[in-house]
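Right, one structure below, let's go through it.
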Amino acid sequence: MPALLDAEGLEASYGSTTVLHGIAFAVETGGITTILGANGAGKTTTLRAVCGMVKTAGAVRFDGQSIQGKATEDIVRLGIAHVPEGRGTFMALTVEENLRLGAYTRRDAAGLAAEFERVYGYFPVLSERRRQVAGTLSGGEQQMLAVARALMSGPRLLLLDEPSLGLAPLVTREIFRIVRTINREAGVSVLLVEQNASIALDLADHAYLIETGRVVLSGPAGDLRKDENIRRAYLGY
Amino acid sequence: MDTFLQQVVSGLATGGIYASLALALVMIYQATDVVNFAQGEMAMFSTYLAWSMLNHGVSYWVAFFATLVIAFLGGLLIHRIVIRPVQNAPVLTIVIVCIGLLTIFNSIAGWIYSYIIQPFPSPFAKAPIKLGRIVFGPHDLGAIGVTLIMLFLIWVFFRFTTLGLAMRAAAQNPASSRLCGIRVSWMLALGWGLAALVGAVAGMMVAPAIFLEPNMMGGILIYAFASATLGGFTSPVGAVIGGFLVGVFENLAGTYISFIGTSLKLTVALALIIVVLLVRPSGLLGRAVVHRV
């Protein structure tokens, strides 16, 4: 089966600074892939490169179609939802308005109502707070809102940028549990970028390790977990 | 007491005009972080378009709505052609582009229509309406009515429609809006279009009171700046309230403070801008903008 998303020789740069030096990775249809790495390795840039939020070169294909060089708005419309670094919450809008924006590209009113039901089912706390201004939510709730907003578009691929950042371990575990449920129930493929290697390797079926913009190791998540260097440098035991 | 009420009423009428133009300024500022110095001249130019349609025998309301459509499209085009290429430029560049637009519209209006002042008709009845001993100018009441209806429609649009929501989102968080599939640049262009439309209404409502000529909006724009500053440049509701307050305040100051009269009224607006900036820079309803440095 061909991969849902695959990149080859992907480069990305900010101005004259090149951050990704030709990386290759793939996300299988229905799979969960994680990209691990330290601060500044290029994890966030990788996701931004997929979504056309940064200048890129090389090849990125989604469902067999090249998306390299396309505008972010058009890439998103193909069925890729990106939960960005910093969560991208519309702070001054209500929870419900944030979710409506997530569904902006949908035109079917009936499907929209069902989507609200489904998303509130995954995140009951958002349903309770639907009229509340998003800026007043806690960090964990905002992360849930970010994932929920991404789901509202009915994506085939979910890009998650460090969902664990700044959250209590319990909240992180809850969010990862929901991501797994979404992956299994709705068949949404996931590309996860994480510093917390332990929890990411538990969730993912495939993993890549990047250091300063290059892939240094890749394979099934279970194999990377057993790798001596990963264990020492990223899992810390 | 009668004089007082009378002055309040006519203050509200001009205040409505300031409110419309202030709203147009705030809409563009909110959406694109640009203070559009050409807002007044764009409104003036739209009013001239209505005037030439009326001269060609088009009925008032047809000309009115046709002008709104043209103003909207004009605003949209100005953003696409002139503002978008410089949107990431330093603020001074954008200010100069706006002042350039101001001069261009002013000169083109003078070139096409000459600088001779022209009467502009009011769509409302001529006979004054009396309530007790207070006289309401029918045009004043009509202008207040039109302004309030327009403000209500704008509010409904931004509050209840998906497009309005997308425009608010695009102004707040462009990066995140793109990730929702919103075409941010078009949302900003729509904002310019809507602001030009609101300005056109202001122009057509103020022209019967002050006559039509290329420089007619110069003073009004300063009042609109005073209104937006007073209400808060970050708050559309504040700008509208500010507009009515400035209208009333200006009238009362002119009536009761003998040395102000009519000749120093504009100075009142300028003084108000300075006082607000000194005492409460974010305005009555605005929020202070904090920048990380």
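As shown in the structure tokens, the chain order sets the letters A, B, ...; within each chain, residues go from 1, and ligands are also counted from 1 in the order they appear.
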>> Residues of chain A within 7 Å of chain B, counting only C-alpha atoms - could you list those as a VMD selection string?
In response: chain A and resid 72 to 74 76 to 77 82 88 90 101 to 102 104 to 105
Go ahead and dump the residues you just picked, N, CA and C atoms, as a compact mmCIF listing (two decimals), in the first residue's frame.
```
# COMPACT_ATOMS: atom_id res chain seq x y z
N THR A 72 -0.74 27.08 1.91
CA THR A 72 -1.24 26.40 3.09
C THR A 72 -2.75 26.11 3.00
N GLU A 73 -3.51 27.13 2.57
CA GLU A 73 -4.97 26.98 2.51
C GLU A 73 -5.37 25.82 1.61
N ASP A 74 -4.63 25.64 0.51
CA ASP A 74 -4.97 24.59 -0.44
C ASP A 74 -4.57 23.21 0.08
N VAL A 76 -4.42 22.35 3.23
CA VAL A 76 -5.37 22.02 4.29
C VAL A 76 -6.67 21.47 3.69
N ARG A 77 -7.07 22.04 2.58
CA ARG A 77 -8.33 21.61 1.95
C ARG A 77 -8.26 20.19 1.39
N HIS A 82 -3.53 20.52 10.83
CA HIS A 82 -2.27 20.77 11.53
C HIS A 82 -2.58 21.41 12.89
N GLY A 88 -2.29 27.56 18.36
CA GLY A 88 -3.04 28.35 17.38
C GLY A 88 -4.46 28.69 17.78
N PHE A 90 -7.71 30.71 18.77
CA PHE A 90 -8.25 32.06 18.58
C PHE A 90 -8.74 32.52 19.94
N LEU A 101 -14.55 27.46 13.06
CA LEU A 101 -13.46 27.83 12.15
C LEU A 101 -12.73 26.58 11.66
N GLY A 102 -12.59 25.59 12.56
CA GLY A 102 -11.96 24.34 12.16
C GLY A 102 -12.72 23.69 11.01
N TYR A 104 -14.31 25.28 8.72
CA TYR A 104 -14.55 26.32 7.72
C TYR A 104 -14.64 25.78 6.29
N THR A 105 -13.84 24.76 5.99
CA THR A 105 -13.80 24.26 4.61
C THR A 105 -14.97 23.32 4.30
```
Show which residues sit within 9 Å of range 28-33 of chain B, as a PDB file with N, CA and C atoms, in the first residue's frame. Count only C-alpha atoms, and ignore same-chain residues fewer than 2 positions away.
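File part_0.pdb, as written:
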```pdb
ATOM      1  N   LEU B  23     -15.924  53.818  12.366  1.00  0.00           N
ATOM      2  CA  LEU B  23     -16.084  52.366  12.258  1.00  0.00           C
ATOM      3  C   LEU B  23     -15.274  51.832  11.076  1.00  0.00           C
ATOM      4  N   ALA B  24     -15.336  52.559   9.953  1.00  0.00           N
ATOM      5  CA  ALA B  24     -14.568  52.147   8.775  1.00  0.00           C
ATOM      6  C   ALA B  24     -13.074  52.108   9.108  1.00  0.00           C
ATOM      7  N   LEU B  25     -12.595  53.141   9.819  1.00  0.00           N
ATOM      8  CA  LEU B  25     -11.179  53.188  10.210  1.00  0.00           C
ATOM      9  C   LEU B  25     -10.814  51.999  11.086  1.00  0.00           C
ATOM     10  N   VAL B  26     -11.684  51.731  12.077  1.00  0.00           N
ATOM     11  CA  VAL B  26     -11.398  50.671  13.030  1.00  0.00           C
ATOM     12  C   VAL B  26     -11.432  49.301  12.355  1.00  0.00           C
ATOM     13  N   VAL B  35      -3.765  52.218   9.581  1.00  0.00           N
ATOM     14  CA  VAL B  35      -4.657  53.353   9.780  1.00  0.00           C
ATOM     15  C   VAL B  35      -4.846  53.994   8.414  1.00  0.00           C
ATOM     16  N   ASN B  36      -6.045  53.881   7.879  1.00  0.00           N
ATOM     17  CA  ASN B  36      -6.278  54.294   6.503  1.00  0.00           C
ATOM     18  C   ASN B  36      -6.599  55.788   6.409  1.00  0.00           C
ATOM     19  N   GLN B  87       2.096  44.959   2.452  1.00  0.00           N
ATOM     20  CA  GLN B  87       1.537  44.651   3.766  1.00  0.00           C
ATOM     21  C   GLN B  87       2.587  44.225   4.792  1.00  0.00           C
ATOM     22  N   VAL B  91       5.650  50.234   8.982  1.00  0.00           N
ATOM     23  CA  VAL B  91       4.388  50.965   9.107  1.00  0.00           C
ATOM     24  C   VAL B  91       4.438  52.299   8.362  1.00  0.00           C
ATOM     25  N   MET B 167     -13.501  36.376   8.953  1.00  0.00           N
ATOM     26  CA  MET B 167     -12.805  37.661   8.870  1.00  0.00           C
ATOM     27  C   MET B 167     -12.221  38.058  10.220  1.00  0.00           C
ATOM     28  N   ARG B 168     -12.999  37.820  11.290  1.00  0.00           N
ATOM     29  CA  ARG B 168     -12.472  38.113  12.631  1.00  0.00           C
ATOM     30  C   ARG B 168     -11.260  37.239  12.928  1.00  0.00           C
ATOM     31  N   ALA B 170      -9.198  35.845  10.778  1.00  0.00           N
ATOM     32  CA  ALA B 170      -8.053  36.235   9.951  1.00  0.00           C
ATOM     33  C   ALA B 170      -7.345  37.446  10.538  1.00  0.00           C
ATOM     34  N   ALA B 171      -8.114  38.362  11.134  1.00  0.00           N
ATOM     35  CA  ALA B 171      -7.514  39.548  11.739  1.00  0.00           C
ATOM     36  C   ALA B 171      -6.750  39.183  13.006  1.00  0.00           C
ATOM     37  N   GLN B 172      -7.285  38.236  13.786  1.00  0.00           N
ATOM     38  CA  GLN B 172      -6.680  37.883  15.069  1.00  0.00           C
ATOM     39  C   GLN B 172      -5.441  37.028  14.929  1.00  0.00           C
ATOM     40  N   MET B 187      -9.772  37.737   2.960  1.00  0.00           N
ATOM     41  CA  MET B 187     -10.544  38.242   4.099  1.00  0.00           C
ATOM     42  C   MET B 187     -10.169  39.696   4.369  1.00  0.00           C
ATOM     43  N   LEU B 188      -8.863  39.996   4.278  1.00  0.00           N
ATOM     44  CA  LEU B 188      -8.422  41.365   4.512  1.00  0.00           C
ATOM     45  C   LEU B 188      -8.969  42.282   3.421  1.00  0.00           C
ATOM     46  N   GLY B 191     -12.413  43.069   4.133  1.00  0.00           N
ATOM     47  CA  GLY B 191     -12.467  44.087   5.185  1.00  0.00           C
ATOM     48  C   GLY B 191     -12.345  45.484   4.592  1.00  0.00           C
ATOM     49  N   TRP B 192     -11.424  45.641   3.643  1.00  0.00           N
ATOM     50  CA  TRP B 192     -11.278  46.950   2.977  1.00  0.00           C
ATOM     51  C   TRP B 192     -12.536  47.300   2.199  1.00  0.00           C
ATOM     52  N   LEU B 194     -15.634  46.279   2.806  1.00  0.00           N
ATOM     53  CA  LEU B 194     -16.714  46.643   3.730  1.00  0.00           C
ATOM     54  C   LEU B 194     -16.490  48.028   4.320  1.00  0.00           C
ATOM     55  N   ALA B 195     -15.230  48.327   4.649  1.00  0.00           N
ATOM     56  CA  ALA B 195     -14.931  49.641   5.221  1.00  0.00           C
ATOM     57  C   ALA B 195     -15.231  50.737   4.195  1.00  0.00           C
ATOM     58  N   PHE B 233      -9.281  52.266  19.337  1.00  0.00           N
ATOM     59  CA  PHE B 233      -9.056  51.827  17.961  1.00  0.00           C
ATOM     60  C   PHE B 233      -9.212  50.316  17.817  1.00  0.00           C
ATOM     61  N   THR B 234      -9.269  49.613  18.950  1.00  0.00           N
ATOM     62  CA  THR B 234      -9.408  48.166  18.862  1.00  0.00           C
ATOM     63  C   THR B 234     -10.854  47.720  19.064  1.00  0.00           C
ATOM     64  N   SER B 235     -11.793  48.679  19.181  1.00  0.00           N
ATOM     65  CA  SER B 235     -13.162  48.284  19.485  1.00  0.00           C
ATOM     66  C   SER B 235     -14.160  48.936  18.536  1.00  0.00           C
ATOM     67  N   PRO B 236     -14.792  48.151  17.656  1.00  0.00           N
ATOM     68  CA  PRO B 236     -15.789  48.715  16.735  1.00  0.00           C
ATOM     69  C   PRO B 236     -16.936  49.391  17.495  1.00  0.00           C
TER      70      PRO B 236
END
```
> Neighbours of Tyr120 in chain A within 12 Å (only C-alpha atoms; same-chain residues fewer than 5 positions away dropped), as a ChimeraX atom specification?
Replying inline: /A:95-96,99,113-115,125-130,144-145,147-149,151-152,178
With C-alpha atoms retained, could you export that selection as a PDB file, in the first residue's frame?
```pdb
ATOM      1  CA  VAL A  95     -14.810  27.478  22.062  1.00  0.00           C
ATOM      2  CA  GLU A  96     -17.673  26.909  19.655  1.00  0.00           C
ATOM      3  CA  LEU A  99     -14.536  24.759  16.313  1.00  0.00           C
ATOM      4  CA  ALA A 113     -23.762  18.921  13.213  1.00  0.00           C
ATOM      5  CA  ALA A 114     -22.612  15.296  13.375  1.00  0.00           C
ATOM      6  CA  GLU A 115     -18.989  16.436  13.562  1.00  0.00           C
ATOM      7  CA  VAL A 125     -15.049  19.290  28.734  1.00  0.00           C
ATOM      8  CA  LEU A 126     -15.201  21.400  25.551  1.00  0.00           C
ATOM      9  CA  SER A 127     -18.921  20.790  25.319  1.00  0.00           C
ATOM     10  CA  GLU A 128     -19.323  22.138  28.850  1.00  0.00           C
ATOM     11  CA  ARG A 129     -17.301  25.210  27.937  1.00  0.00           C
ATOM     12  CA  ARG A 130     -18.650  25.787  24.440  1.00  0.00           C
ATOM     13  CA  MET A 144      -7.800  19.630  23.494  1.00  0.00           C
ATOM     14  CA  LEU A 145      -9.476  22.510  21.663  1.00  0.00           C
ATOM     15  CA  VAL A 147      -6.970  18.866  18.431  1.00  0.00           C
ATOM     16  CA  ALA A 148     -10.763  19.213  18.304  1.00  0.00           C
ATOM     17  CA  ARG A 149     -10.509  22.163  15.911  1.00  0.00           C
ATOM     18  CA  LEU A 151     -10.742  17.203  13.674  1.00  0.00           C
ATOM     19  CA  MET A 152     -13.667  19.465  12.686  1.00  0.00           C
ATOM     20  CA  ILE A 178      -7.878  10.382  22.627  1.00  0.00           C
TER      21      ILE A 178
END
```
Using DSSP on the backbone coordinates, identify the residues of range 96-224 of chain A assigned to strand (DSSP E or B); present them as a short mmCIF file (atom, residue, chain, number, x, y, z; two decimals) with N, CA and C atoms, in the first residue's frame.
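Printed below is out-v3.cif as written:
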```
data_model
loop_
_atom_site.label_atom_id
_atom_site.label_comp_id
_atom_site.auth_asym_id
_atom_site.auth_seq_id
_atom_site.Cartn_x
_atom_site.Cartn_y
_atom_site.Cartn_z
N VAL A 133 -14.96 31.97 26.33
CA VAL A 133 -13.91 32.52 25.47
C VAL A 133 -12.67 31.63 25.60
N LEU A 157 -5.37 13.16 7.56
CA LEU A 157 -4.07 13.16 8.22
C LEU A 157 -4.04 14.28 9.25
N LEU A 158 -3.60 13.91 10.45
CA LEU A 158 -3.51 14.88 11.54
C LEU A 158 -2.03 15.12 11.85
N LEU A 159 -1.60 16.38 11.81
CA LEU A 159 -0.23 16.72 12.19
C LEU A 159 -0.27 17.31 13.60
N LEU A 160 0.49 16.71 14.50
CA LEU A 160 0.48 17.19 15.89
C LEU A 160 1.86 17.69 16.28
N ASP A 161 1.94 18.96 16.68
CA ASP A 161 3.22 19.55 17.06
C ASP A 161 3.33 19.61 18.58
N SER A 189 -4.95 9.13 9.99
CA SER A 189 -3.51 8.91 10.12
C SER A 189 -2.90 10.07 10.89
N VAL A 190 -1.78 9.81 11.58
CA VAL A 190 -1.20 10.83 12.44
C VAL A 190 0.30 10.96 12.19
N LEU A 191 0.75 12.21 12.09
CA LEU A 191 2.18 12.49 12.12
C LEU A 191 2.44 13.34 13.36
N LEU A 192 3.17 12.74 14.31
CA LEU A 192 3.34 13.36 15.62
C LEU A 192 4.80 13.76 15.80
N VAL A 193 4.99 14.99 16.26
CA VAL A 193 6.33 15.48 16.54
C VAL A 193 6.42 15.65 18.05
N GLU A 194 7.44 15.07 18.69
CA GLU A 194 7.48 15.11 20.16
C GLU A 194 8.90 15.17 20.71
N HIS A 206 5.59 3.86 13.77
CA HIS A 206 6.83 4.08 13.03
C HIS A 206 7.48 5.35 13.57
N ALA A 207 8.82 5.37 13.62
CA ALA A 207 9.46 6.54 14.22
C ALA A 207 10.71 6.95 13.45
N TYR A 208 10.99 8.24 13.49
CA TYR A 208 12.19 8.81 12.90
C TYR A 208 12.87 9.64 13.97
N LEU A 209 14.18 9.65 13.96
CA LEU A 209 14.91 10.52 14.86
C LEU A 209 15.67 11.52 14.01
N ILE A 210 15.45 12.81 14.27
CA ILE A 210 16.21 13.80 13.50
C ILE A 210 17.13 14.59 14.41
N GLU A 211 18.31 14.89 13.86
CA GLU A 211 19.28 15.74 14.55
C GLU A 211 19.74 16.80 13.58
N ARG A 214 18.59 16.46 9.89
CA ARG A 214 18.82 15.24 9.13
C ARG A 214 18.24 14.05 9.88
N VAL A 215 17.70 13.08 9.13
CA VAL A 215 17.21 11.86 9.76
C VAL A 215 18.42 11.00 10.10
N VAL A 216 18.57 10.64 11.37
CA VAL A 216 19.73 9.84 11.76
C VAL A 216 19.34 8.40 12.06
N LEU A 217 18.06 8.15 12.26
CA LEU A 217 17.62 6.81 12.61
C LEU A 217 16.15 6.69 12.26
N SER A 218 15.74 5.55 11.74
CA SER A 218 14.31 5.36 11.52
C SER A 218 13.98 3.89 11.56
N GLY A 219 12.73 3.57 11.81
CA GLY A 219 12.31 2.18 11.87
C GLY A 219 11.02 2.05 12.65
N PRO A 220 10.56 0.81 12.85
CA PRO A 220 9.37 0.60 13.66
C PRO A 220 9.59 1.15 15.07
#
```
> Which residues come within 10 Å of Ile230 in chain A, counting only C-alpha atoms, excluding same-chain residues fewer than 3 positions away, as a ChimeraX atom specification?
Replying inline: /A:36-37,197-198,209,217,224-227,233-237
May I have the residues from that selection written out with C-alpha atoms, as a PDB file, in the first residue's frame?
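What ended up in out_4.pdb:
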```pdb
ATOM      1  CA  LEU A  36      11.624  12.639  17.584  1.00  0.00           C
ATOM      2  CA  GLY A  37      14.435  15.012  18.229  1.00  0.00           C
ATOM      3  CA  ALA A 197      10.075  10.230  23.258  1.00  0.00           C
ATOM      4  CA  SER A 198       8.673   7.696  25.683  1.00  0.00           C
ATOM      5  CA  LEU A 209      14.915  10.519  14.863  1.00  0.00           C
ATOM      6  CA  LEU A 217      17.625   6.808  12.606  1.00  0.00           C
ATOM      7  CA  LEU A 224      13.731   2.490  18.212  1.00  0.00           C
ATOM      8  CA  ARG A 225      12.549   1.982  21.773  1.00  0.00           C
ATOM      9  CA  LYS A 226      15.097  -0.825  22.159  1.00  0.00           C
ATOM     10  CA  ASP A 227      17.902   1.131  20.509  1.00  0.00           C
ATOM     11  CA  ALA A 233      19.744  10.063  25.055  1.00  0.00           C
ATOM     12  CA  TYR A 234      15.978  10.392  24.731  1.00  0.00           C
ATOM     13  CA  LEU A 235      14.338   7.996  27.156  1.00  0.00           C
ATOM     14  CA  GLY A 236      16.738   8.679  29.982  1.00  0.00           C
ATOM     15  CA  TYR A 237      17.325   5.262  31.535  1.00  0.00           C
TER      16      TYR A 237
END
```
> Neighbours of Glu41 in chain B within 12 Å (only C-alpha atoms; same-chain residues fewer than 5 positions away dropped), as an MDAnalysis selection string?
Replying inline: chainID B and resid 21 36 46:48 71 75 98:110 196 199:200 202:203 212:221
> So which bits of range 65-156 of chain A end up helix (DSSP H, G or I) when you DSSP the backbone, as a PyMOL selection string?
Replying inline: chain A and resi 72-77+95-102+109-122+124-128+134-136+139-151
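Look at Leu76 in chain B: the protein and nucleic acid residues within 7 Å of it, using only C-alpha atoms and passing over chain neighbours fewer than 6 places away, are Ala189, Leu190, Trp192 and Gly193 of chain B.
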> Could you state the separation of CA of Ala13 in chain B and CA of Gly57 in chain B in Å, given to one decimal place?
Replying inline: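 Value for the CA of Ala13 in chain B-CA of Gly57 in chain B distance: 28.0 Å.
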>> For a quick check of understanding, using only C-alpha atoms, which of A:Val27, A:Ala59, A:Ala71, A:Leu20 has the smallest distance to Gly42 in chain A?
In response: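 Looking at the shortest contact to Gly42 in chain A, the residue is A:Leu20.
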> CA of Ile154 in chain B and CA of Gln7 in chain B are how many Å apart?
Replying inline: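 Computing it gives 28.2 Å between the two atoms.
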> Gly213 in chain A: which residues within 10 Å, counting only C-alpha atoms, same-chain residues fewer than 5 positions away excluded, as a VMD selection string?
Replying inline: chain A and resid 10 to 12 18 to 23 37 40 to 43 45 to 46
Expected file: the selected residues, C-alpha atoms, as a PDB file, in the first residue's frame:
```
ATOM      1  CA  LEU A  10      12.792  17.710   1.783  1.00  0.00           C
ATOM      2  CA  GLU A  11      14.628  20.917   2.511  1.00  0.00           C
ATOM      3  CA  ALA A  12      13.275  23.921   4.359  1.00  0.00           C
ATOM      4  CA  THR A  18      18.519  26.107   5.911  1.00  0.00           C
ATOM      5  CA  VAL A  19      16.923  24.093   8.697  1.00  0.00           C
ATOM      6  CA  LEU A  20      16.074  20.792   6.986  1.00  0.00           C
ATOM      7  CA  HIS A  21      18.791  19.243   4.842  1.00  0.00           C
ATOM      8  CA  GLY A  22      16.904  16.800   2.631  1.00  0.00           C
ATOM      9  CA  ILE A  23      14.940  14.524   4.929  1.00  0.00           C
ATOM     10  CA  GLY A  37      14.435  15.012  18.229  1.00  0.00           C
ATOM     11  CA  GLY A  40      16.021  22.909  17.384  1.00  0.00           C
ATOM     12  CA  ALA A  41      16.430  19.643  15.480  1.00  0.00           C
ATOM     13  CA  GLY A  42      13.819  20.750  12.941  1.00  0.00           C
ATOM     14  CA  LYS A  43      10.710  18.900  14.172  1.00  0.00           C
ATOM     15  CA  THR A  45       9.868  22.942  10.707  1.00  0.00           C
ATOM     16  CA  THR A  46       9.141  19.502   9.274  1.00  0.00           C
TER      17      THR A  46
END
```
>> Under the rule that only C-alpha atoms are counted, which of B:Tyr18, B:Leu264, B:Val34, B:Thr229 is the nearest residue to Thr93 in chain B?
In response: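 Smallest distance to Thr93 in chain B is found for B:Val34.
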